[in-house]
Amino acid sequence: MEFCDLHNHSIYSDGTYTPKQLLEYAKEKGLLAIALTDHNSVDGACELEKYAKEIGVCAVVGSELTTEYLGKETHLLALFLSESAREKMKEFFKERKRLKEESNQCLAKALNEGGYKIDYEELKKRYKNINRAHFAKRLVELGYVKTTKEAFDTVLKEGNGFYVSSPRPDLLSTIKWIRDIGAVPVLAHPLLSLEKEELEGLLPLAKEKGLAGFECYYRLFTKEQIQYLCALADKYGLVKSGGSDFHGGMKDGVDMGYASVPYEAYLELRKIVT
């Protein structure tokens, strides 16, 4: 069976691989296609497209957007971004990055006041587009926690830790906007943020707004969850997408291709924009 991986991050958000390195690793893994889905960024698009043909892996320019549904943080992928769509995305990102910078500064201040000595200016020198993953990695480096997962589950947990999110755009309106700019909206790892009943209530509304598919295949999903999600995708006529959410060395125990996403997912999503 042939596979792809439609959810990966690079140094342009919170990954440790360059876009070229992602392509080379995908080739090594035997993947036929990958998507670059950096958080609130398309800065790696040119590098990805430059090397894709040379390396021999189909490349999808995308981005991962943080939205809100039912008061919950919900992630949405925008895939197959054309050059014109990327320019519109950059305008969208300007406000998001301003709000994220405010959130980061508040988090750094709260951590320091709580005894976790994080130098935010140092982080800004080391990384692009800083988010909680960068804070988590630094907490591990300084010995405050053992793993990045522990950091997210404790110190950086929204509501019970030091993290307070910035305002998030509405999920349904963002789905429509992504379709309006000629890109393909795919709901990321839905069972990480929504209960089954919430997801089932969302899908008919989201499809009406233009949702193309959702991640049925994800590294944290059990066999039973994958079967459930695939059946749900069939019910609503949505593409069964997926990805590893690979971040290189930024996240523990996450490897590209681990989600075993059928290559057919890439082909079906590509049809929407061709």
# chains A, B, ... in the order shown; residues from 1 in each chain; ligands from 1

$ residues_around --residues "Lys149 of chain A" --least-positions-apart "4" --cutoff "8 Å" --atoms "only C-alpha atoms" --output "ChimeraX atom specification"
/A:136,153,251-252

$ closest_atom_pairs --of "segment 118-190 of chain A" --to "segment 102-110 of chain A" --cutoff "10 Å" --atoms "only C-alpha atoms" --output "CSV"
residue,atom,partner,partner_atom,distance
A:Ile118,CA,A:Ala108,CA,6.4
A:Asp119,CA,A:Ala108,CA,7.5
A:Tyr120,CA,A:Ala108,CA,6.2
A:Glu121,CA,A:Gln105,CA,9.7
A:Ile130,CA,A:Asn104,CA,7.6
A:Asn131,CA,A:Asn104,CA,7.0
A:Arg132,CA,A:Asn104,CA,8.0
A:Phe135,CA,A:Ala108,CA,8.4
A:Leu156,CA,A:Leu107,CA,8.6
A:Gly161,CA,A:Ala110,CA,9.6
A:Phe162,CA,A:Ala110,CA,6.1
A:Tyr163,CA,A:Leu107,CA,5.6
A:Val164,CA,A:Ser103,CA,6.8
A:Ser165,CA,A:Ser103,CA,6.3
A:Ser166,CA,A:Ser103,CA,5.7
A:Pro167,CA,A:Ser103,CA,9.3

$ write_last_selection --atoms "N, CA and C atoms" --output "PDB file, in the first residue's frame"
ATOM      1  N   ILE A 118      12.305  31.369  32.466  1.00  0.00           N
ATOM      2  CA  ILE A 118      12.372  31.281  31.005  1.00  0.00           C
ATOM      3  C   ILE A 118      12.735  32.653  30.447  1.00  0.00           C
ATOM      4  N   ASP A 119      13.802  32.718  29.670  1.00  0.00           N
ATOM      5  CA  ASP A 119      14.214  33.956  29.027  1.00  0.00           C
ATOM      6  C   ASP A 119      13.545  34.028  27.652  1.00  0.00           C
ATOM      7  N   TYR A 120      12.471  34.794  27.560  1.00  0.00           N
ATOM      8  CA  TYR A 120      11.702  34.852  26.321  1.00  0.00           C
ATOM      9  C   TYR A 120      12.507  35.461  25.172  1.00  0.00           C
ATOM     10  N   GLU A 121      13.334  36.443  25.467  1.00  0.00           N
ATOM     11  CA  GLU A 121      14.148  37.054  24.421  1.00  0.00           C
ATOM     12  C   GLU A 121      15.121  36.036  23.832  1.00  0.00           C
ATOM     13  N   ILE A 130       7.073  31.595  17.652  1.00  0.00           N
ATOM     14  CA  ILE A 130       7.082  30.868  18.928  1.00  0.00           C
ATOM     15  C   ILE A 130       5.674  30.548  19.412  1.00  0.00           C
ATOM     16  N   ASN A 131       5.513  29.309  19.907  1.00  0.00           N
ATOM     17  CA  ASN A 131       4.276  28.910  20.555  1.00  0.00           C
ATOM     18  C   ASN A 131       4.607  28.056  21.785  1.00  0.00           C
ATOM     19  N   ARG A 132       3.595  27.408  22.333  1.00  0.00           N
ATOM     20  CA  ARG A 132       3.810  26.655  23.576  1.00  0.00           C
ATOM     21  C   ARG A 132       4.845  25.544  23.451  1.00  0.00           C
ATOM     22  N   PHE A 135       8.178  26.802  24.477  1.00  0.00           N
ATOM     23  CA  PHE A 135       8.257  26.924  25.929  1.00  0.00           C
ATOM     24  C   PHE A 135       8.420  25.542  26.567  1.00  0.00           C
ATOM     25  N   LEU A 156       1.921  24.128  31.259  1.00  0.00           N
ATOM     26  CA  LEU A 156       1.420  24.874  30.101  1.00  0.00           C
ATOM     27  C   LEU A 156      -0.030  24.549  29.746  1.00  0.00           C
ATOM     28  N   GLY A 161      -2.860  25.692  34.126  1.00  0.00           N
ATOM     29  CA  GLY A 161      -1.449  26.019  34.199  1.00  0.00           C
ATOM     30  C   GLY A 161      -1.250  27.516  34.077  1.00  0.00           C
ATOM     31  N   PHE A 162      -0.172  27.903  33.440  1.00  0.00           N
ATOM     32  CA  PHE A 162       0.147  29.320  33.291  1.00  0.00           C
ATOM     33  C   PHE A 162      -0.282  29.891  31.936  1.00  0.00           C
ATOM     34  N   TYR A 163      -0.767  29.037  31.053  1.00  0.00           N
ATOM     35  CA  TYR A 163      -1.077  29.476  29.691  1.00  0.00           C
ATOM     36  C   TYR A 163      -2.491  30.036  29.569  1.00  0.00           C
ATOM     37  N   VAL A 164      -2.584  31.201  28.944  1.00  0.00           N
ATOM     38  CA  VAL A 164      -3.874  31.785  28.586  1.00  0.00           C
ATOM     39  C   VAL A 164      -3.819  32.062  27.086  1.00  0.00           C
ATOM     40  N   SER A 165      -4.726  31.479  26.333  1.00  0.00           N
ATOM     41  CA  SER A 165      -4.687  31.608  24.878  1.00  0.00           C
ATOM     42  C   SER A 165      -5.081  33.000  24.421  1.00  0.00           C
ATOM     43  N   SER A 166      -4.646  33.329  23.222  1.00  0.00           N
ATOM     44  CA  SER A 166      -5.098  34.568  22.589  1.00  0.00           C
ATOM     45  C   SER A 166      -6.468  34.312  21.964  1.00  0.00           C
ATOM     46  N   PRO A 167      -7.238  35.368  21.651  1.00  0.00           N
ATOM     47  CA  PRO A 167      -8.549  35.174  21.015  1.00  0.00           C
ATOM     48  C   PRO A 167      -8.413  34.372  19.720  1.00  0.00           C
TER      49      PRO A 167
END

$ residues_around --residues "Lys271 of chain A" --least-positions-apart "6" --cutoff "12 Å" --atoms "only C-alpha atoms" --output "ChimeraX atom specification"
/A:79-80,183-184,212,239,264-265

$ closest_residue --among "A:Phe214, A:Tyr17, A:Tyr116, A:Tyr51" --to "Gly249 of chain A" --atoms "only C-alpha atoms"
A:Tyr17

$ closest_residue --among "A:Lys100, A:Arg270, A:Arg219, A:Lys196" --to "Phe246 of chain A" --atoms "only C-alpha atoms"
A:Arg219

$ atom_distance --atom1 "atom CA of Arg126 of chain A" --atom2 "atom CA of Val254 of chain A"
21.8 Å

$ select_by_dssp --residues "segment 88-235 of chain A" --states "strand (DSSP E or B)" --output "VMD selection string"
chain A and resid 170 184 to 187 213 to 218

$ atom_distance --atom1 "atom CA of Ile226 of chain A" --atom2 "atom CA of Gly243 of chain A"
12.3 Å

$ closest_atom_pairs --of "segment 87-155 of chain A" --to "segment 37-40 of chain A" --cutoff "10 Å" --atoms "only C-alpha atoms" --output "tab-separated table"
residue	atom	partner	partner_atom	distance
A:Met89	CA	A:Asn40	CA	8.2
A:Lys90	CA	A:Asn40	CA	8.3
A:Phe92	CA	A:Asn40	CA	8.6
A:Phe93	CA	A:Asn40	CA	5.8
A:Lys94	CA	A:Asn40	CA	9.1
A:Arg96	CA	A:Asn40	CA	7.5
A:Lys97	CA	A:Asn40	CA	7.6
A:Lys100	CA	A:Asn40	CA	10.0
A:Asn129	CA	A:His39	CA	7.9
A:Ile130	CA	A:His39	CA	9.5
A:Asn131	CA	A:His39	CA	8.8

$ write_last_selection --atoms "C-alpha atoms" --output "mmCIF file, in the first residue's frame"
data_model
loop_
_atom_site.group_PDB
_atom_site.id
_atom_site.type_symbol
_atom_site.label_atom_id
_atom_site.label_comp_id
_atom_site.auth_asym_id
_atom_site.auth_seq_id
_atom_site.Cartn_x
_atom_site.Cartn_y
_atom_site.Cartn_z
ATOM 1 C CA MET A 89 -3.026 33.909 4.425
ATOM 2 C CA LYS A 90 -0.160 36.257 5.239
ATOM 3 C CA PHE A 92 -4.684 36.785 8.054
ATOM 4 C CA PHE A 93 -1.547 35.856 9.995
ATOM 5 C CA LYS A 94 -0.542 39.453 10.766
ATOM 6 C CA ARG A 96 -2.855 36.333 14.655
ATOM 7 C CA LYS A 97 0.884 36.863 15.194
ATOM 8 C CA LYS A 100 0.176 35.416 19.779
ATOM 9 C CA ASN A 129 6.866 31.872 15.267
ATOM 10 C CA ILE A 130 7.082 30.868 18.928
ATOM 11 C CA ASN A 131 4.276 28.910 20.555
#

$ atom_distance --atom1 "atom CA of Glu122 of chain A" --atom2 "atom CA of His134 of chain A"
11.1 Å

$ closest_residue --among "A:Val57, A:Phe152, A:Lys240, A:Asp180" --to "Lys29 of chain A" --atoms "only C-alpha atoms"
A:Val57

$ select_by_dssp --residues "segment 43-246 of chain A" --states "helix (DSSP H, G or I)" --output "CSV table (one decimal) with N, CA and C atoms, in the first residue's frame"
chain,number,residue,atom,x,y,z
A,45,ALA,N,7.0,27.7,2.2
A,45,ALA,CA,6.4,27.2,0.9
A,45,ALA,C,7.4,27.2,-0.3
A,46,CYS,N,8.2,28.2,-0.4
A,46,CYS,CA,9.1,28.3,-1.6
A,46,CYS,C,10.2,27.2,-1.5
A,47,GLU,N,10.7,27.0,-0.3
A,47,GLU,CA,11.7,26.0,-0.2
A,47,GLU,C,11.1,24.6,-0.4
A,48,LEU,N,9.9,24.4,0.0
A,48,LEU,CA,9.3,23.1,-0.2
A,48,LEU,C,9.1,22.8,-1.6
A,49,GLU,N,8.5,23.8,-2.4
A,49,GLU,CA,8.3,23.6,-3.8
A,49,GLU,C,9.6,23.5,-4.6
A,50,LYS,N,10.6,24.2,-4.2
A,50,LYS,CA,11.9,24.2,-4.9
A,50,LYS,C,12.5,22.8,-4.9
A,51,TYR,N,12.4,22.1,-3.8
A,51,TYR,CA,13.1,20.8,-3.7
A,51,TYR,C,12.2,19.6,-4.0
A,52,ALA,N,10.9,19.8,-4.0
A,52,ALA,CA,10.0,18.6,-4.1
A,52,ALA,C,10.2,17.8,-5.3
A,53,LYS,N,10.3,18.4,-6.5
A,53,LYS,CA,10.5,17.7,-7.7
A,53,LYS,C,11.9,17.0,-7.8
A,54,GLU,N,12.9,17.7,-7.3
A,54,GLU,CA,14.3,17.2,-7.3
A,54,GLU,C,14.4,15.9,-6.4
A,55,ILE,N,13.7,16.0,-5.2
A,55,ILE,CA,13.7,14.9,-4.3
A,55,ILE,C,12.8,13.7,-4.7
A,83,GLU,N,-0.3,30.5,-4.8
A,83,GLU,CA,0.4,31.7,-4.4
A,83,GLU,C,-0.5,32.8,-4.0
A,84,SER,N,-1.6,33.0,-4.7
A,84,SER,CA,-2.5,34.1,-4.3
A,84,SER,C,-3.2,33.8,-2.9
A,85,ALA,N,-3.5,32.5,-2.7
A,85,ALA,CA,-4.0,32.1,-1.4
A,85,ALA,C,-3.0,32.4,-0.2
A,86,ARG,N,-1.7,32.2,-0.5
A,86,ARG,CA,-0.7,32.4,0.5
A,86,ARG,C,-0.6,33.9,0.9
A,87,GLU,N,-0.8,34.7,-0.1
A,87,GLU,CA,-0.8,36.2,0.2
A,87,GLU,C,-1.9,36.6,1.1
A,88,LYS,N,-3.1,36.0,0.8
A,88,LYS,CA,-4.2,36.2,1.7
A,88,LYS,C,-4.0,35.7,3.1
A,89,MET,N,-3.4,34.5,3.1
A,89,MET,CA,-3.0,33.9,4.4
A,89,MET,C,-2.1,34.8,5.2
A,90,LYS,N,-1.1,35.4,4.6
A,90,LYS,CA,-0.2,36.3,5.2
A,90,LYS,C,-0.9,37.4,5.9
A,91,GLU,N,-1.9,38.0,5.2
A,91,GLU,CA,-2.6,39.1,5.8
A,91,GLU,C,-3.4,38.6,7.0
A,92,PHE,N,-4.0,37.4,6.9
A,92,PHE,CA,-4.7,36.8,8.1
A,92,PHE,C,-3.7,36.6,9.2
A,93,PHE,N,-2.5,36.2,8.9
A,93,PHE,CA,-1.5,35.9,10.0
A,93,PHE,C,-1.1,37.1,10.8
A,94,LYS,N,-1.1,38.3,10.1
A,94,LYS,CA,-0.5,39.5,10.8
A,94,LYS,C,-1.2,39.7,12.1
A,95,GLU,N,-2.5,39.7,12.1
A,95,GLU,CA,-3.2,39.9,13.4
A,95,GLU,C,-3.1,38.7,14.3
A,96,ARG,N,-3.0,37.5,13.8
A,96,ARG,CA,-2.9,36.3,14.7
A,96,ARG,C,-1.5,36.4,15.3
A,97,LYS,N,-0.5,36.8,14.6
A,97,LYS,CA,0.9,36.9,15.2
A,97,LYS,C,1.0,38.0,16.3
A,98,ARG,N,0.3,39.1,16.0
A,98,ARG,CA,0.3,40.1,17.1
A,98,ARG,C,-0.3,39.6,18.3
A,99,LEU,N,-1.5,38.9,18.2
A,99,LEU,CA,-2.1,38.4,19.4
A,99,LEU,C,-1.3,37.3,20.1
A,100,LYS,N,-0.7,36.5,19.2
A,100,LYS,CA,0.2,35.4,19.8
A,100,LYS,C,1.4,36.0,20.5
A,101,GLU,N,2.0,37.0,20.0
A,101,GLU,CA,3.1,37.7,20.7
A,101,GLU,C,2.6,38.2,22.1
A,102,GLU,N,1.5,38.8,22.2
A,102,GLU,CA,1.0,39.2,23.5
A,102,GLU,C,0.8,38.0,24.4
A,103,SER,N,0.2,36.9,23.9
A,103,SER,CA,0.0,35.7,24.7
A,103,SER,C,1.3,35.2,25.2
A,104,ASN,N,2.3,35.1,24.3
A,104,ASN,CA,3.7,34.6,24.7
A,104,ASN,C,4.3,35.4,25.8
A,105,GLN,N,4.2,36.7,25.7
A,105,GLN,CA,4.8,37.6,26.7
A,105,GLN,C,4.1,37.4,28.0
A,106,CYS,N,2.8,37.2,28.0
A,106,CYS,CA,2.1,37.0,29.2
A,106,CYS,C,2.5,35.6,29.8
A,107,LEU,N,2.6,34.6,29.0
A,107,LEU,CA,3.1,33.3,29.5
A,107,LEU,C,4.4,33.4,30.1
A,108,ALA,N,5.4,34.0,29.4
A,108,ALA,CA,6.7,34.1,29.9
A,108,ALA,C,6.8,34.8,31.3
A,109,LYS,N,6.0,35.9,31.4
A,109,LYS,CA,5.9,36.6,32.7
A,109,LYS,C,5.3,35.8,33.8
A,110,ALA,N,4.3,35.0,33.5
A,110,ALA,CA,3.6,34.2,34.4
A,110,ALA,C,4.5,33.1,34.9
A,111,LEU,N,5.3,32.5,33.9
A,111,LEU,CA,6.2,31.4,34.3
A,111,LEU,C,7.3,31.9,35.2
A,112,ASN,N,7.8,33.0,34.9
A,112,ASN,CA,8.9,33.6,35.7
A,112,ASN,C,8.4,33.9,37.1
A,113,GLU,N,7.2,34.5,37.2
A,113,GLU,CA,6.7,34.8,38.5
A,113,GLU,C,6.4,33.5,39.3
A,120,TYR,N,12.5,34.8,27.6
A,120,TYR,CA,11.7,34.9,26.3
A,120,TYR,C,12.5,35.5,25.2
A,121,GLU,N,13.3,36.4,25.5
A,121,GLU,CA,14.1,37.1,24.4
A,121,GLU,C,15.1,36.0,23.8
A,122,GLU,N,15.6,35.1,24.7
A,122,GLU,CA,16.5,34.1,24.2
A,122,GLU,C,15.7,33.1,23.2
A,123,LEU,N,14.5,32.8,23.6
A,123,LEU,CA,13.7,31.9,22.8
A,123,LEU,C,13.5,32.6,21.4
A,124,LYS,N,13.2,33.9,21.4
A,124,LYS,CA,13.0,34.6,20.1
A,124,LYS,C,14.2,34.6,19.2
A,125,LYS,N,15.4,34.5,19.8
A,125,LYS,CA,16.6,34.5,19.0
A,125,LYS,C,16.8,33.1,18.4
A,126,ARG,N,16.3,32.0,19.1
A,126,ARG,CA,16.5,30.7,18.7
A,126,ARG,C,15.4,30.2,17.7
A,132,ARG,N,3.6,27.4,22.3
A,132,ARG,CA,3.8,26.7,23.6
A,132,ARG,C,4.8,25.5,23.5
A,133,ALA,N,5.0,25.0,22.3
A,133,ALA,CA,5.9,23.9,22.1
A,133,ALA,C,7.4,24.4,22.4
A,134,HIS,N,7.7,25.6,22.0
A,134,HIS,CA,9.0,26.1,22.3
A,134,HIS,C,9.2,26.3,23.8
A,135,PHE,N,8.2,26.8,24.5
A,135,PHE,CA,8.3,26.9,25.9
A,135,PHE,C,8.4,25.5,26.6
A,136,ALA,N,7.7,24.6,26.0
A,136,ALA,CA,7.8,23.2,26.6
A,136,ALA,C,9.2,22.6,26.5
A,137,LYS,N,9.8,22.8,25.3
A,137,LYS,CA,11.1,22.3,25.1
A,137,LYS,C,12.1,23.0,26.0
A,138,ARG,N,11.9,24.3,26.2
A,138,ARG,CA,12.9,25.0,27.1
A,138,ARG,C,12.7,24.5,28.6
A,139,LEU,N,11.5,24.2,29.0
A,139,LEU,CA,11.2,23.7,30.3
A,139,LEU,C,11.9,22.4,30.5
A,140,VAL,N,11.9,21.5,29.5
A,140,VAL,CA,12.6,20.3,29.5
A,140,VAL,C,14.1,20.5,29.7
A,141,GLU,N,14.7,21.4,28.8
A,141,GLU,CA,16.1,21.7,28.8
A,141,GLU,C,16.6,22.2,30.2
A,148,THR,N,8.2,17.0,27.0
A,148,THR,CA,7.3,18.1,26.5
A,148,THR,C,5.8,17.8,26.8
A,149,LYS,N,5.5,16.5,26.8
A,149,LYS,CA,4.1,16.2,27.1
A,149,LYS,C,3.8,16.5,28.5
A,150,GLU,N,4.7,16.3,29.4
A,150,GLU,CA,4.5,16.6,30.8
A,150,GLU,C,4.3,18.1,31.0
A,151,ALA,N,5.1,18.9,30.2
A,151,ALA,CA,4.9,20.4,30.2
A,151,ALA,C,3.5,20.8,29.8
A,152,PHE,N,3.0,20.2,28.7
A,152,PHE,CA,1.7,20.5,28.2
A,152,PHE,C,0.6,20.1,29.2
A,153,ASP,N,0.8,19.0,29.9
A,153,ASP,CA,-0.2,18.4,30.7
A,153,ASP,C,-0.2,19.1,32.1
A,171,LEU,N,-14.4,28.6,14.0
A,171,LEU,CA,-14.0,27.5,13.1
A,171,LEU,C,-14.9,27.5,11.9
A,172,LEU,N,-16.2,27.6,12.0
A,172,LEU,CA,-17.0,27.5,10.8
A,172,LEU,C,-16.8,28.6,9.8
A,173,SER,N,-16.6,29.9,10.3
A,173,SER,CA,-16.3,31.0,9.4
A,173,SER,C,-15.0,30.8,8.7
A,174,THR,N,-14.0,30.2,9.4
A,174,THR,CA,-12.7,30.0,8.9
A,174,THR,C,-12.7,29.0,7.8
A,175,ILE,N,-13.5,27.9,8.0
A,175,ILE,CA,-13.6,26.9,6.9
A,175,ILE,C,-14.1,27.6,5.7
A,176,LYS,N,-15.1,28.4,5.8
A,176,LYS,CA,-15.7,29.1,4.6
A,176,LYS,C,-14.6,30.0,3.9
A,177,TRP,N,-13.9,30.7,4.8
A,177,TRP,CA,-12.9,31.6,4.2
A,177,TRP,C,-11.8,30.8,3.5
A,178,ILE,N,-11.4,29.7,4.0
A,178,ILE,CA,-10.4,28.9,3.3
A,178,ILE,C,-10.9,28.4,1.9
A,179,ARG,N,-12.1,28.0,1.9
A,179,ARG,CA,-12.7,27.7,0.6
A,179,ARG,C,-12.8,28.9,-0.4
A,180,ASP,N,-13.1,30.0,0.2
A,180,ASP,CA,-13.3,31.2,-0.6
A,180,ASP,C,-11.9,31.6,-1.2
A,190,PRO,N,-9.5,15.6,15.2
A,190,PRO,CA,-10.7,16.1,15.8
A,190,PRO,C,-11.0,15.5,17.2
A,191,LEU,N,-10.6,14.3,17.5
A,191,LEU,CA,-10.9,13.7,18.8
A,191,LEU,C,-10.0,14.2,19.9
A,192,LEU,N,-9.0,15.0,19.5
A,192,LEU,CA,-8.2,15.6,20.6
A,192,LEU,C,-8.9,16.8,21.2
A,196,LYS,N,-17.2,12.9,20.8
A,196,LYS,CA,-17.9,12.3,19.6
A,196,LYS,C,-19.2,13.0,19.3
A,197,GLU,N,-19.9,13.3,20.3
A,197,GLU,CA,-21.2,14.0,20.1
A,197,GLU,C,-21.0,15.3,19.5
A,198,GLU,N,-20.0,16.0,20.0
A,198,GLU,CA,-19.7,17.4,19.4
A,198,GLU,C,-19.3,17.3,18.0
A,199,LEU,N,-18.4,16.3,17.7
A,199,LEU,CA,-17.9,16.2,16.3
A,199,LEU,C,-19.1,15.8,15.4
A,200,GLU,N,-20.0,14.9,15.8
A,200,GLU,CA,-21.1,14.6,14.9
A,200,GLU,C,-22.0,15.7,14.7
A,201,GLY,N,-22.1,16.6,15.7
A,201,GLY,CA,-23.0,17.8,15.5
A,201,GLY,C,-22.3,18.8,14.6
A,202,LEU,N,-21.0,18.9,14.6
A,202,LEU,CA,-20.2,19.8,13.8
A,202,LEU,C,-20.2,19.5,12.3
A,203,LEU,N,-20.0,18.2,12.0
A,203,LEU,CA,-19.7,17.8,10.6
A,203,LEU,C,-20.7,18.3,9.6
A,204,PRO,N,-22.0,18.2,9.8
A,204,PRO,CA,-23.0,18.6,8.8
A,204,PRO,C,-22.9,20.2,8.6
A,205,LEU,N,-22.6,20.9,9.7
A,205,LEU,CA,-22.5,22.3,9.6
A,205,LEU,C,-21.2,22.7,8.9
A,206,ALA,N,-20.1,22.0,9.2
A,206,ALA,CA,-18.8,22.2,8.6
A,206,ALA,C,-18.8,21.9,7.1
A,207,LYS,N,-19.5,20.8,6.7
A,207,LYS,CA,-19.6,20.4,5.3
A,207,LYS,C,-20.3,21.5,4.5
A,208,GLU,N,-21.3,22.1,5.1
A,208,GLU,CA,-22.1,23.1,4.5
A,208,GLU,C,-21.2,24.3,4.2
A,209,LYS,N,-20.3,24.6,5.1
A,209,LYS,CA,-19.4,25.7,4.9
A,209,LYS,C,-18.2,25.4,4.0
A,223,LYS,N,-7.1,2.0,17.0
A,223,LYS,CA,-7.7,1.3,15.9
A,223,LYS,C,-9.2,1.6,15.9
A,224,GLU,N,-9.8,1.5,17.0
A,224,GLU,CA,-11.2,1.7,17.2
A,224,GLU,C,-11.6,3.1,16.8
A,225,GLN,N,-10.8,4.1,17.2
A,225,GLN,CA,-11.1,5.5,16.9
A,225,GLN,C,-11.0,5.7,15.4
A,226,ILE,N,-10.0,5.1,14.8
A,226,ILE,CA,-9.8,5.3,13.3
A,226,ILE,C,-11.0,4.7,12.6
A,227,GLN,N,-11.5,3.5,13.0
A,227,GLN,CA,-12.6,2.9,12.4
A,227,GLN,C,-13.9,3.8,12.5
A,228,TYR,N,-14.0,4.3,13.7
A,228,TYR,CA,-15.2,5.2,13.9
A,228,TYR,C,-15.1,6.4,13.0
A,229,LEU,N,-14.0,7.1,13.0
A,229,LEU,CA,-13.8,8.3,12.2
A,229,LEU,C,-14.0,8.0,10.7
A,230,CYS,N,-13.5,6.9,10.2
A,230,CYS,CA,-13.6,6.5,8.8
A,230,CYS,C,-15.1,6.3,8.4
A,231,ALA,N,-15.8,5.7,9.3
A,231,ALA,CA,-17.2,5.5,9.1
A,231,ALA,C,-18.0,6.8,9.1
A,232,LEU,N,-17.6,7.7,9.9
A,232,LEU,CA,-18.2,9.0,10.0
A,232,LEU,C,-17.9,9.8,8.7
A,233,ALA,N,-16.6,9.7,8.2
A,233,ALA,CA,-16.3,10.4,7.0
A,233,ALA,C,-17.1,9.9,5.8
A,234,ASP,N,-17.3,8.6,5.8
A,234,ASP,CA,-18.1,8.0,4.7
A,234,ASP,C,-19.6,8.5,4.8
A,235,LYS,N,-20.0,8.6,6.0
A,235,LYS,CA,-21.4,9.0,6.2
A,235,LYS,C,-21.7,10.4,5.7
A,236,TYR,N,-20.7,11.3,5.8
A,236,TYR,CA,-20.9,12.7,5.4
A,236,TYR,C,-20.2,13.0,4.0
